[in-house]
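Asks: Dropping in target-v9.cif, which is mmCIF, C-alpha atoms:
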```cif
data_protein
#
loop_
_atom_site.label_atom_id
_atom_site.label_comp_id
_atom_site.auth_asym_id
_atom_site.auth_seq_id
_atom_site.Cartn_x
_atom_site.Cartn_y
_atom_site.Cartn_z
CA MET A 1 72.06 -19.99 -44.59
CA ARG A 2 72.30 -23.65 -43.63
CA ARG A 3 69.52 -25.12 -41.54
CA TYR A 4 70.28 -25.41 -37.83
CA ASN A 5 68.05 -26.74 -35.10
CA PRO A 6 67.40 -24.55 -32.02
CA ILE A 7 69.93 -26.40 -29.86
CA SER A 8 72.66 -26.00 -32.49
CA LEU A 9 71.87 -22.30 -32.84
CA LEU A 10 72.08 -21.82 -29.08
CA ARG A 11 75.48 -23.54 -28.99
CA LEU A 12 76.74 -21.39 -31.86
CA TYR A 13 75.49 -18.25 -30.13
CA ILE A 14 77.22 -19.16 -26.86
CA ARG A 15 80.47 -19.81 -28.72
CA ALA A 16 80.14 -16.43 -30.47
CA ARG A 17 79.70 -14.58 -27.17
CA LEU A 18 82.58 -16.45 -25.52
CA SER A 19 84.76 -15.60 -28.53
CA ALA A 20 83.81 -11.92 -28.21
CA HIS A 21 84.51 -11.94 -24.46
CA HIS A 22 87.95 -13.47 -25.06
CA ALA A 23 88.79 -10.93 -27.76
CA ALA A 24 87.61 -7.99 -25.67
CA LYS A 25 89.79 -9.08 -22.73
CA ARG A 26 92.81 -9.25 -25.04
CA GLY A 27 92.10 -5.87 -26.63
CA LEU A 28 91.10 -6.75 -30.18
CA ILE A 29 90.73 -3.63 -32.31
CA GLY A 30 87.20 -2.93 -33.55
CA MET A 31 85.30 -4.63 -30.73
CA GLU A 32 82.80 -1.73 -30.63
CA PHE A 33 81.55 -3.04 -33.99
CA ASN A 34 81.09 -6.52 -32.53
CA GLN A 35 78.88 -5.10 -29.79
CA PHE A 36 76.98 -2.95 -32.26
CA GLY A 37 76.46 -5.92 -34.58
CA HIS A 38 75.17 -8.03 -31.71
CA ASN A 39 72.74 -5.31 -30.65
CA LEU A 40 71.70 -4.83 -34.26
CA GLY A 41 70.90 -8.53 -34.50
CA CYS A 42 68.66 -8.32 -31.43
CA ARG A 43 66.84 -5.26 -32.80
CA LEU A 44 66.24 -6.96 -36.15
CA LEU A 45 64.93 -10.18 -34.65
CA ILE A 46 62.51 -8.21 -32.46
CA ARG A 47 61.24 -6.67 -35.71
CA ALA A 48 60.89 -10.12 -37.32
CA CYS A 49 63.82 -9.57 -39.69
CA ALA A 50 65.66 -12.87 -40.22
CA SER A 51 68.93 -11.07 -41.06
CA GLY A 52 69.33 -10.45 -37.35
CA LEU A 53 70.35 -14.04 -36.71
CA GLY A 54 73.51 -13.67 -38.77
CA TYR A 55 74.57 -10.65 -36.72
CA LEU A 56 74.07 -12.54 -33.47
CA LEU A 57 76.28 -15.41 -34.65
CA ASN A 58 78.90 -13.40 -36.55
CA PRO A 59 78.60 -9.65 -35.83
CA VAL A 60 81.90 -8.84 -37.58
CA SER A 61 83.66 -11.02 -40.11
CA SER A 62 87.38 -11.77 -40.00
CA THR A 63 89.64 -8.79 -40.86
CA ARG A 64 86.63 -6.41 -40.84
CA TYR A 65 87.55 -5.79 -37.18
CA PHE A 66 90.60 -3.87 -38.36
CA GLU A 67 88.99 -2.47 -41.51
CA PHE A 68 85.97 -0.97 -39.74
CA ALA A 69 88.13 0.48 -36.96
CA PHE A 70 90.54 1.91 -39.51
CA ALA A 71 87.79 3.52 -41.58
CA ARG A 72 86.18 4.98 -38.45
CA SER A 73 89.51 6.49 -37.36
CA CYS A 74 89.84 8.26 -40.72
CA LEU A 75 86.56 10.15 -40.43
CA SER A 76 87.09 13.73 -39.33
CA GLY A 77 84.33 15.94 -38.03
CA GLN A 78 80.82 15.03 -39.15
CA PRO A 79 80.87 14.69 -42.97
CA GLU A 80 77.80 16.14 -44.64
CA ARG A 81 77.37 13.96 -47.72
CA CYS A 82 78.90 10.47 -47.76
CA LEU A 83 79.03 7.58 -50.22
CA ASP A 84 79.43 3.91 -49.34
CA VAL A 85 80.53 1.90 -52.39
CA SER A 86 79.41 -1.70 -51.77
CA SER A 87 81.05 -1.99 -48.34
CA PRO A 88 79.82 -4.47 -45.71
CA ARG A 89 76.65 -2.71 -44.51
CA LEU A 90 77.47 -2.85 -40.80
CA PHE A 91 79.89 0.07 -41.08
CA SER A 92 77.38 2.53 -42.53
CA LEU A 93 74.66 1.30 -40.17
CA TYR A 94 77.03 2.00 -37.27
CA LEU A 95 77.81 5.54 -38.49
CA ALA A 96 74.13 6.35 -39.01
CA ASP A 97 73.12 4.90 -35.65
CA ARG A 98 75.81 6.93 -33.86
CA GLU A 99 74.94 10.06 -35.89
CA LEU A 100 78.59 10.40 -36.94
CA VAL A 101 77.64 11.58 -40.46
CA HIS A 102 74.73 13.60 -41.84
CA SER A 103 73.75 11.37 -44.75
CA ILE A 104 74.97 8.23 -46.54
CA LEU A 105 74.17 6.94 -50.01
CA MET A 106 74.86 3.19 -50.13
CA VAL A 107 75.32 1.81 -53.66
CA ASN A 108 75.74 -1.81 -54.67
CA PRO A 109 75.32 -3.71 -57.96
CA ASP A 110 74.55 -6.97 -56.08
CA ILE A 111 70.75 -6.93 -55.99
CA ARG A 112 70.49 -9.65 -53.33
CA ASP A 113 72.77 -7.82 -50.94
CA LEU A 114 71.08 -4.53 -51.76
CA CYS A 115 67.62 -5.91 -50.99
CA CYS A 116 68.83 -7.13 -47.60
CA THR A 117 70.29 -3.70 -46.82
CA THR A 118 67.06 -2.01 -47.89
CA ARG A 119 64.99 -4.24 -45.59
CA ILE A 120 67.24 -3.51 -42.63
CA VAL A 121 67.21 0.25 -43.23
CA HIS A 122 63.41 0.26 -43.49
CA ARG A 123 62.83 -2.02 -40.49
CA LEU A 124 65.01 0.17 -38.30
CA GLY A 125 63.63 3.43 -39.70
CA ILE A 126 67.06 4.90 -40.53
CA ASP A 127 66.49 8.24 -42.26
CA ALA A 128 70.15 9.10 -42.80
CA ILE A 129 70.71 6.26 -45.30
CA ASP A 130 69.53 5.97 -48.91
CA VAL A 131 70.12 2.80 -50.93
CA GLU A 132 70.53 2.49 -54.71
CA CYS A 133 71.42 -0.29 -57.14
CA GLN A 134 74.38 1.17 -59.00
CA THR A 135 77.70 0.10 -60.47
CA VAL A 136 80.73 2.27 -59.84
CA ASP A 137 80.50 3.92 -63.27
CA PHE A 138 77.52 5.99 -62.08
CA LEU A 139 80.15 8.20 -60.46
CA SER A 140 81.16 9.54 -63.86
CA SER A 141 78.26 11.99 -63.46
CA GLN A 142 78.93 12.71 -59.78
CA ARG A 143 82.09 14.79 -59.88
CA GLU A 144 83.02 16.73 -56.71
CA THR A 145 79.82 15.65 -54.95
CA TYR A 146 80.80 13.85 -51.72
CA ASP A 147 82.65 14.87 -48.57
CA CYS A 148 83.72 11.30 -47.82
CA ILE A 149 83.67 8.03 -49.80
CA TRP A 150 84.55 4.60 -48.47
CA ALA A 151 84.94 1.23 -50.16
CA ILE A 152 85.78 -1.42 -47.57
CA SER A 153 87.02 -4.65 -49.11
CA VAL A 154 85.52 -3.73 -52.49
CA ILE A 155 88.15 -2.47 -54.95
CA GLU A 156 89.84 -5.87 -55.21
CA HIS A 157 86.66 -7.44 -56.63
CA ILE A 158 86.18 -4.95 -59.49
CA ALA A 159 87.13 -6.24 -62.92
CA GLY A 160 85.95 -5.62 -66.46
CA LYS A 161 85.50 -2.28 -68.20
CA TYR A 162 86.72 -0.10 -65.34
CA GLY A 163 88.68 -2.43 -63.09
CA ASP A 164 90.19 -1.44 -59.78
CA THR A 165 92.20 1.45 -61.25
CA GLY A 166 89.23 2.98 -63.03
CA ALA A 167 87.04 2.57 -59.96
CA VAL A 168 89.49 4.47 -57.76
CA LYS A 169 89.76 7.26 -60.33
CA LEU A 170 85.96 7.57 -60.44
CA MET A 171 85.67 7.67 -56.65
CA TYR A 172 88.46 10.20 -56.29
CA GLY A 173 86.84 12.36 -58.96
CA ALA A 174 83.52 12.26 -57.08
CA LEU A 175 85.11 13.76 -53.95
CA LYS A 176 84.79 17.42 -53.12
CA GLU A 177 87.97 19.40 -52.58
CA GLY A 178 89.25 18.47 -49.11
CA GLY A 179 87.21 15.26 -49.06
CA THR A 180 88.56 11.86 -48.00
CA LEU A 181 88.59 8.53 -49.84
CA ILE A 182 88.91 5.51 -47.53
CA LEU A 183 89.90 2.14 -49.02
CA THR A 184 90.85 -1.26 -47.65
CA VAL A 185 92.29 -4.02 -49.83
CA PRO A 186 93.76 -7.51 -49.24
CA VAL A 187 97.53 -7.87 -49.46
CA ASP A 188 100.01 -10.71 -49.81
CA ARG A 189 103.73 -11.11 -50.42
CA HIS A 190 103.17 -10.69 -54.18
CA PHE A 191 100.34 -9.55 -56.44
CA TRP A 192 98.02 -12.29 -57.71
CA ASN A 193 94.45 -12.90 -58.86
CA GLU A 194 92.08 -15.32 -57.14
CA TYR A 195 89.48 -17.26 -59.16
CA ARG A 196 86.62 -19.33 -57.74
CA ASP A 197 84.24 -21.96 -59.06
CA LYS A 198 81.18 -19.73 -58.97
CA GLY A 199 80.28 -16.04 -59.11
CA TYR A 200 79.62 -15.22 -55.45
CA TYR A 201 78.18 -11.75 -55.98
CA GLY A 202 76.17 -12.32 -59.15
CA THR A 203 78.08 -9.50 -60.86
CA GLN A 204 81.09 -11.30 -62.34
CA GLY A 205 79.49 -12.21 -65.68
CA LYS A 206 80.96 -15.15 -67.57
CA PRO A 207 83.76 -17.42 -66.27
CA MET A 208 87.14 -15.94 -67.12
CA GLU A 209 89.87 -18.56 -66.62
CA GLU A 210 89.52 -22.35 -67.04
CA GLY A 211 85.79 -22.11 -66.35
CA LYS A 212 86.31 -20.15 -63.11
CA TYR A 213 85.14 -16.70 -62.11
CA PHE A 214 87.40 -13.83 -61.14
CA PHE A 215 87.00 -13.19 -57.42
CA GLN A 216 89.62 -10.69 -56.28
CA HIS A 217 93.11 -9.22 -56.51
CA PHE A 218 95.64 -9.68 -53.72
CA TYR A 219 97.96 -6.67 -53.76
CA ASP A 220 101.55 -6.15 -52.78
CA LYS A 221 102.96 -2.74 -51.94
CA ALA A 222 104.06 -2.07 -55.53
CA ALA A 223 100.64 -3.00 -56.93
CA ILE A 224 98.91 -0.63 -54.53
CA GLN A 225 101.12 2.16 -55.78
CA GLU A 226 100.82 1.28 -59.47
CA ARG A 227 97.14 0.38 -59.65
CA LEU A 228 95.51 2.56 -56.98
CA LEU A 229 97.67 5.58 -56.11
CA SER A 230 99.74 6.62 -59.13
CA PRO A 231 96.68 6.92 -61.43
CA ILE A 232 95.17 9.61 -59.16
CA GLU A 233 98.58 11.20 -58.49
CA GLN A 234 98.05 11.19 -54.73
CA GLN A 235 99.66 9.48 -51.76
CA PRO A 236 97.64 8.43 -48.70
CA ARG A 237 97.75 10.59 -45.61
CA VAL A 238 97.27 7.35 -43.63
CA MET A 239 98.41 3.84 -44.59
CA ARG A 240 98.16 0.92 -42.16
CA TRP A 241 98.70 -2.84 -42.32
CA PHE A 242 97.04 -5.74 -40.48
CA GLY A 243 97.41 -9.46 -41.07
CA GLU A 244 98.18 -13.01 -40.08
CA THR A 245 101.15 -13.75 -37.84
CA SER A 246 101.76 -17.18 -39.42
CA PRO A 247 101.82 -17.60 -43.21
CA GLY A 248 98.95 -19.70 -44.54
CA ARG A 249 96.62 -19.04 -41.63
CA PHE A 250 94.21 -16.87 -43.63
CA HIS A 251 93.77 -19.26 -46.55
CA ASP A 252 93.23 -22.18 -44.16
CA TYR A 253 90.52 -20.11 -42.48
CA ILE A 254 88.80 -19.37 -45.81
CA GLN A 255 88.60 -23.08 -46.61
CA ARG A 256 87.13 -23.83 -43.18
CA TRP A 257 84.64 -20.98 -43.61
CA ILE A 258 83.48 -22.31 -46.97
CA CYS A 259 83.13 -25.86 -45.62
CA GLU A 260 81.79 -25.18 -42.11
CA GLY A 261 79.89 -21.88 -42.29
CA TYR A 262 78.93 -20.49 -38.90
CA ASN A 263 80.66 -23.36 -37.12
CA CYS A 264 83.86 -21.62 -38.18
CA THR A 265 82.90 -17.95 -38.23
CA VAL A 266 81.39 -17.74 -34.72
CA GLU A 267 85.05 -17.85 -33.61
CA ASP A 268 86.15 -14.89 -35.77
CA ALA A 269 86.87 -12.55 -32.86
CA ARG A 270 89.03 -15.19 -31.16
CA GLU A 271 90.72 -16.02 -34.47
CA MET A 272 91.63 -12.37 -35.07
CA VAL A 273 92.97 -11.58 -31.62
CA ASN A 274 94.98 -14.82 -31.36
CA ASN A 275 96.47 -15.00 -34.85
CA TYR A 276 96.49 -11.51 -36.40
CA ARG A 277 97.97 -8.13 -35.52
CA GLU A 278 98.90 -4.74 -36.92
CA PHE A 279 102.29 -4.37 -38.59
CA ALA A 280 104.44 -1.28 -39.03
CA SER A 281 104.86 -1.87 -42.77
CA TRP A 282 104.10 -4.28 -45.61
CA GLU A 283 107.71 -5.45 -45.49
CA LYS A 284 107.24 -6.71 -41.92
CA MET A 285 104.14 -8.77 -42.76
CA PRO A 286 104.79 -12.53 -43.03
CA GLY A 287 101.76 -13.31 -45.18
CA VAL A 288 98.20 -12.30 -46.03
CA GLY A 289 96.45 -9.30 -44.51
CA VAL A 290 94.75 -6.03 -45.39
CA CYS A 291 95.95 -2.51 -46.08
CA GLY A 292 93.95 0.56 -45.08
CA LEU A 293 94.40 3.80 -47.03
CA ALA A 294 92.96 7.26 -46.41
CA ILE A 295 93.49 9.69 -49.29
CA LYS A 296 92.67 13.38 -48.97
CA LYS A 297 91.75 15.32 -52.11
CA HIS A 298 93.82 18.47 -52.55
#
```
Output the structure of this file as structure tokens.
Replies:
Amino acid sequence: MRRYNPISLLRLYIRARLSAHHAAKRGLIGMEFNQFGHNLGCRLLIRACASGLGYLLNPVSSTRYFEFAFARSCLSGQPERCLDVSSPRLFSLYLADRELVHSILMVNPDIRDLCCTTRIVHRLGIDAIDVECQTVDFLSSQRETYDCIWAISVIEHIAGKYGDTGAVKLMYGALKEGGTLILTVPVDRHFWNEYRDKGYYGTQGKPMEEGKYFFQHFYDKAAIQERLLSPIEQQPRVMRWFGETSPGRFHDYIQRWICEGYNCTVEDAREMVNNYREFASWEKMPGVGVCGLAIKKH
């Protein structure tokens, strides 16, 4: 994180709270996660865990407001054994804190992110969560094991031996009969691959194209069907769409985020409620957004 002096941090924090207040008044979906993230930040700072500061300034990032709310709405009952595949940790921390599931195994191949999650779980004394450093292929030995699996904004980043298609097949195979697989992926008006100058997660290996690293897929409706659904021969019981109301807004935001850090992201709640909404279908979306899918295993 960039260095900020105390006055700058206070100003950023005030902006973050004003942004949350504005979004709550206008009914932004997922605001319960903003409040939880803020409270989590306070609890971590009291326990001398520096990760808490990030949650005070940016409790929920960008389209995660929709993605977390979507994933929460797809949970039925109180699943016994759950698997979180590299999702943003706030979602599983929320479920464990609210006792909405019995147990969660959080797996992630990114050792830096995993170490941060482990510290938080230990500092807060969360017994319902276990954390392991694993790539998705560990699921080849976990068939019909889990009642619910979620991968929030994850599948699009998987390339290499398994890729997004192989990852979904492994996750679906690891579900018990009657279990639910919850996925969210980014979408655009056509399918394309994004490359960046560096490997952000430390898991991308060597540069792939013109010295750049693969970062993620952006899906269209056909690509979701061909790459994620047809290979497991299932259709989602729930499929929802959320995105920008003006084309280009999301990519402009990403560039500001990269350049400005928290000076941009403290306004995420305001940005989402003012410039994004849910759409009835992919066809009605004008630009970039996310798709949420809940797939039940029959």
Asks: Going by the chain IDs and residue numbers used in this file, which residues fall under the PyMOL selection byres ((chain A and resi 165) around 12)? Write them as a compact mmCIF listing (two decimals) with C-alpha atoms, keeping the file's coordinate frame.
Replies:
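Saved to out-v2.txt:
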```txt
# COMPACT_ATOMS: atom_id res chain seq x y z
CA VAL A 136 80.73 2.27 -59.84
CA ILE A 155 88.15 -2.47 -54.95
CA GLU A 156 89.84 -5.87 -55.21
CA HIS A 157 86.66 -7.44 -56.63
CA ILE A 158 86.18 -4.95 -59.49
CA ALA A 159 87.13 -6.24 -62.92
CA GLY A 160 85.95 -5.62 -66.46
CA LYS A 161 85.50 -2.28 -68.20
CA TYR A 162 86.72 -0.10 -65.34
CA GLY A 163 88.68 -2.43 -63.09
CA ASP A 164 90.19 -1.44 -59.78
CA GLY A 166 89.23 2.98 -63.03
CA ALA A 167 87.04 2.57 -59.96
CA VAL A 168 89.49 4.47 -57.76
CA LYS A 169 89.76 7.26 -60.33
CA LEU A 170 85.96 7.57 -60.44
CA MET A 171 85.67 7.67 -56.65
CA TYR A 172 88.46 10.20 -56.29
CA HIS A 217 93.11 -9.22 -56.51
CA ALA A 223 100.64 -3.00 -56.93
CA ILE A 224 98.91 -0.63 -54.53
CA GLN A 225 101.12 2.16 -55.78
CA GLU A 226 100.82 1.28 -59.47
CA ARG A 227 97.14 0.38 -59.65
CA LEU A 228 95.51 2.56 -56.98
CA LEU A 229 97.67 5.58 -56.11
CA SER A 230 99.74 6.62 -59.13
CA PRO A 231 96.68 6.92 -61.43
CA ILE A 232 95.17 9.61 -59.16
CA GLU A 233 98.58 11.20 -58.49
```
Asks: Near Leu293 (chain A), within 6 Å and counting all atoms listed in the file, which residues show up once chain neighbours fewer than 5 positions away are dropped, as a list in words?
Replies: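 What passes the distance filter is Ile182, Leu183, Pro236, Val238 and Met239 of chain A.
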Asks: Which residues, named as in the file, does the PyMOL selection byres ((chain A and resi 142) around 9) pick out? Answer as an MDAnalysis selection string.
Replies: chainID A and resid 138:141 143:146 170:171 173:175
Asks: What does the distance from CA of Leu95 (chain A) to CA of Leu124 (chain A) come to in Å, to one decimal?
Replies: 13.9 Å
Asks: Rounded to one decimal place, report the CA of Asp197 (chain A)-CA of Asn108 (chain A) distance in Å.
Replies: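 So the answer is 22.3 Å.
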Asks: Using the chain letters and numbering of this document, enumerate as a list in words the residues selected by the PyMOL selection byres ((chain A and resi 46-49) around 10).
Replies: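 Selected by the PyMOL selection byres ((chain A and resi 46-49) around 10) in this file: Leu40, Gly41, Cys42, Arg43, Leu44, Leu45, Ala50, Ser51, Gly52, Leu53, Cys116, Arg119, Ile120, Arg123 and Leu124 of chain A.
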Asks: Please list as number ranges by chain every residue within 6 Å of region 268-282 of chain A, counting only C-alpha atoms and excluding residues in the same chain fewer than 2 positions away.
Replies: A: 19-20, 23, 28, 62, 241-245, 265-266, 284-285
Asks: Would you mind reading off the distance between CA of Asn193 (chain A) and CA of Gln216 (chain A), one decimal, in Å?
Replies: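 Computing the Euclidean distance for CA of Asn193 (chain A) and CA of Gln216 (chain A) yields 5.9 Å.
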Asks: Using all atoms listed in the file, list the residues that have an atom at most 7 Å from (87.6, 11.9, -48.2), coordinates as in the file, as an MDAnalysis selection string.
Replies: chainID A and resid 147:149 175 178:182 295:297
Asks: Counting only C-alpha atoms, figure out which residue out of A:Leu90, A:Ile7, A:Ala16, A:Cys115 gets nearest to Phe68 (chain A).
Replies: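 Nearest to Phe68 (chain A): A:Leu90.
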Asks: What lies within 9 Å of Gly287 (chain A) using all atoms listed in the file, ignoring chain neighbours under 5 positions off, as an MDAnalysis selection string?
Replies: chainID A and resid 187:189 243:250
Asks: Would you export the selected residues with C-alpha atoms as an mmCIF file, keeping the file's coordinate frame, please?
Replies:
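That gives us again.cif:
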```cif
data_model
loop_
_atom_site.group_PDB
_atom_site.id
_atom_site.type_symbol
_atom_site.label_atom_id
_atom_site.label_comp_id
_atom_site.auth_asym_id
_atom_site.auth_seq_id
_atom_site.Cartn_x
_atom_site.Cartn_y
_atom_site.Cartn_z
ATOM 1 C CA VAL A 187 97.530 -7.870 -49.460
ATOM 2 C CA ASP A 188 100.010 -10.710 -49.810
ATOM 3 C CA ARG A 189 103.730 -11.110 -50.420
ATOM 4 C CA GLY A 243 97.410 -9.460 -41.070
ATOM 5 C CA GLU A 244 98.180 -13.010 -40.080
ATOM 6 C CA THR A 245 101.150 -13.750 -37.840
ATOM 7 C CA SER A 246 101.760 -17.180 -39.420
ATOM 8 C CA PRO A 247 101.820 -17.600 -43.210
ATOM 9 C CA GLY A 248 98.950 -19.700 -44.540
ATOM 10 C CA ARG A 249 96.620 -19.040 -41.630
ATOM 11 C CA PHE A 250 94.210 -16.870 -43.630
#
```
Asks: Could you check which of A:Asp110, A:Asp220, A:Asp97, A:Glu80 is closest to His190 (chain A), using only C-alpha atoms?
Replies: A:Asp220
Asks: If you count all atoms listed in the file, which residues fall within 10 Å of Thr184 (chain A), apart from same-chain ones fewer than 4 positions away, as a PyMOL selection string?
Replies: chain A and resi 64+66-68+70-71+87+150-156+239-241+290-294
Asks: With all atoms listed in the file as the counted atoms, please give the residues lying no more than 12 Å from Tyr4 (chain A), apart from itself and same-chain residues fewer than 5 positions off, as JSON, numbers by chain.
Replies: {"A": [9, 10, 11, 12, 13, 53, 261, 262, 263]}
Asks: Looking at A:Val121, A:Ser86, A:His22, A:Leu57, which one is nearest to Pro109 (chain A), with distances taken over only C-alpha atoms?
Replies: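 Ranked by minimum distance to Pro109 (chain A), first place goes to A:Ser86.
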Asks: Once you count only C-alpha atoms, which residues end up no further than 9 Å from (73.8, 16.3, -42.1) in the file's frame, shown as a ChimeraX atom specification?
Replies: /A:78-81,99,101-103,128
